[in-house]
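Asks: Quick one: structure below, then a few questions.
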Amino acid sequence: MLNVAGGKLTTYRRIALETLDRLRSELGLHRLDRRPWPLPGATGLEQVSLPLDLEPDVRTHLLHLYGSLAPEVLAPAVDDPSLLERLHSGGPDIAAQVNYAATHEWARNAEDVLCRRTTCFHRGLADEQTRGCVERVLAGTLAA
């Protein structure tokens, strides 16, 4: 077993390729595909059409974070407009992001959502009220 720790999203591919290169004989690999490969949501931005009207800062925020996956984040809000509510009045993160984090990114608690799946913590907006909002959305999403 080999564990790789550290690194950033921007270096994950280089780290993975170096690791595979070192394990090449053990894994029986003849060649490694070193071509660039975009992250999910990083392509097709020019064709993105969001299903709902959003405030400009929320729209920009979702496109920046999710790229061409933003419509997927917003899809449940078409039937449940409460998912368009902001998690905190001082930031652009919305409840649909919590839903998406739970259903697509394996988030299971408010700490994970606030610190790693939204920008709330980094903006200084992860207060008790925001935490309560995230917990309510998570409870509804995980119960479904």
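By order in the structure tokens, chains are A, B, ...; within a chain, residues start at 1; ligands start at 1, following the order shown.
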I'd like the contact shell of Val134 in chain A - 7 Å cut-off, only C-alpha atoms, skipping same-chain residues fewer than 4 positions apart - returned as a PDB file with N, CA and C atoms, in the first residue's frame.
Replies:
```pdb
ATOM      1  N   VAL A  98     -25.157  23.071  -0.459  1.00  0.00           N
ATOM      2  CA  VAL A  98     -25.169  22.090   0.634  1.00  0.00           C
ATOM      3  C   VAL A  98     -25.778  20.785   0.127  1.00  0.00           C
ATOM      4  N   ALA A 110     -21.998  19.664   8.963  1.00  0.00           N
ATOM      5  CA  ALA A 110     -21.887  21.096   8.714  1.00  0.00           C
ATOM      6  C   ALA A 110     -20.438  21.552   8.632  1.00  0.00           C
ATOM      7  N   THR A 130     -25.376  30.331  10.426  1.00  0.00           N
ATOM      8  CA  THR A 130     -25.036  29.676   9.164  1.00  0.00           C
ATOM      9  C   THR A 130     -24.929  28.172   9.362  1.00  0.00           C
ATOM     10  N   LEU A 138     -28.827  19.834   5.299  1.00  0.00           N
ATOM     11  CA  LEU A 138     -28.242  18.491   5.317  1.00  0.00           C
ATOM     12  C   LEU A 138     -29.244  17.457   5.838  1.00  0.00           C
TER      13      LEU A 138
END
```
Asks: I want to know what sits within 12 Å of Phe121 in chain A, based on only C-alpha atoms, with residues of the same chain fewer than 3 positions away left out; could you give that as a PyMOL selection string?
Replies: chain A and resi 87-88+90-91+93+110-118+124-128+130-131
Asks: Residues of the last selection are to be written out with C-alpha atoms, as a PDB file, in the first residue's frame.
Replies:
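Below is the file again17.pdb, written as the result:
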```pdb
ATOM      1  CA  LEU A  87     -26.447  30.449   3.778  1.00  0.00           C
ATOM      2  CA  HIS A  88     -25.358  33.827   5.164  1.00  0.00           C
ATOM      3  CA  GLY A  90     -22.877  38.403   3.703  1.00  0.00           C
ATOM      4  CA  GLY A  91     -21.854  35.789   1.139  1.00  0.00           C
ATOM      5  CA  ASP A  93     -23.120  30.570  -1.017  1.00  0.00           C
ATOM      6  CA  ALA A 110     -21.887  21.096   8.714  1.00  0.00           C
ATOM      7  CA  GLU A 111     -18.172  21.358   9.438  1.00  0.00           C
ATOM      8  CA  ASP A 112     -17.313  19.662   6.154  1.00  0.00           C
ATOM      9  CA  VAL A 113     -19.720  21.853   4.186  1.00  0.00           C
ATOM     10  CA  LEU A 114     -18.654  25.114   5.824  1.00  0.00           C
ATOM     11  CA  CYS A 115     -14.900  24.514   5.707  1.00  0.00           C
ATOM     12  CA  ARG A 116     -14.418  22.492   2.532  1.00  0.00           C
ATOM     13  CA  ARG A 117     -17.476  22.674   0.257  1.00  0.00           C
ATOM     14  CA  THR A 118     -18.409  26.361   0.433  1.00  0.00           C
ATOM     15  CA  GLY A 124     -15.565  34.481   8.145  1.00  0.00           C
ATOM     16  CA  LEU A 125     -19.262  33.611   7.757  1.00  0.00           C
ATOM     17  CA  ALA A 126     -19.376  30.208   9.454  1.00  0.00           C
ATOM     18  CA  ASP A 127     -21.265  31.455  12.512  1.00  0.00           C
ATOM     19  CA  GLU A 128     -23.906  29.552  14.490  1.00  0.00           C
ATOM     20  CA  THR A 130     -25.036  29.676   9.164  1.00  0.00           C
ATOM     21  CA  ARG A 131     -24.174  26.348  10.777  1.00  0.00           C
TER      22      ARG A 131
END
```
Asks: Can you pull out every residue from range 18-133 of chain A that DSSP, working from the backbone, puts in alpha helix (DSSP H), and format the result as number ranges by chain?
Replies: A: 18-22, 24-27, 56-66, 70-79, 95-104, 110-112, 128-133
Asks: If we count only C-alpha atoms and set the cut-off at 12 Å, which residues sit around Ala144 in chain A, ignoring sequence neighbours fewer than 3 positions away in its own chain? Please answer as a PDB file with C-alpha atoms, in the first residue's frame.
Replies:
```
ATOM      1  CA  ASN A  99     -27.555  19.742  -1.152  1.00  0.00           C
ATOM      2  CA  ALA A 102     -24.265  15.890   0.355  1.00  0.00           C
ATOM      3  CA  THR A 103     -25.516  14.168  -2.800  1.00  0.00           C
ATOM      4  CA  VAL A 137     -30.461  21.512   4.636  1.00  0.00           C
ATOM      5  CA  LEU A 138     -28.242  18.491   5.317  1.00  0.00           C
ATOM      6  CA  ALA A 139     -30.913  16.856   7.484  1.00  0.00           C
ATOM      7  CA  GLY A 140     -33.502  17.243   4.716  1.00  0.00           C
ATOM      8  CA  THR A 141     -31.120  16.056   1.996  1.00  0.00           C
TER       9      THR A 141
END
```
Asks: Restricting the calculation to only C-alpha atoms, which member of A:Leu50, A:Leu27, A:Ala107, A:Leu20 is positioned closest to Ala70 in chain A?
Replies: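 The closest residue to Ala70 in chain A is A:Leu50.
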Asks: List as a CSV table (one decimal) with C-alpha atoms, in the first residue's frame the protein and nucleic acid residues near Gln47 in chain A, meaning an atom at most 12 Å away when only C-alpha atoms are counted, but skip any in the same chain fewer than 6 places from it.
Replies:
```csv
chain,number,residue,atom,x,y,z
A,41,GLY,CA,-16.8,21.4,-14.8
A,63,LEU,CA,-19.9,29.5,-12.2
A,67,GLY,CA,-18.0,25.7,-13.9
A,68,SER,CA,-20.2,23.8,-16.3
A,69,LEU,CA,-21.5,21.7,-13.4
A,70,ALA,CA,-23.4,24.7,-12.0
A,71,PRO,CA,-26.7,23.7,-13.7
```
Asks: Show me, as JSON, numbers by chain, the residues that have an atom within 10 Å of Ala75 in chain A when counting only C-alpha atoms, minus same-chain residues fewer than 4 positions from it.
Replies: {"A": [50, 51, 52, 70, 71, 79, 80, 83, 96, 100]}
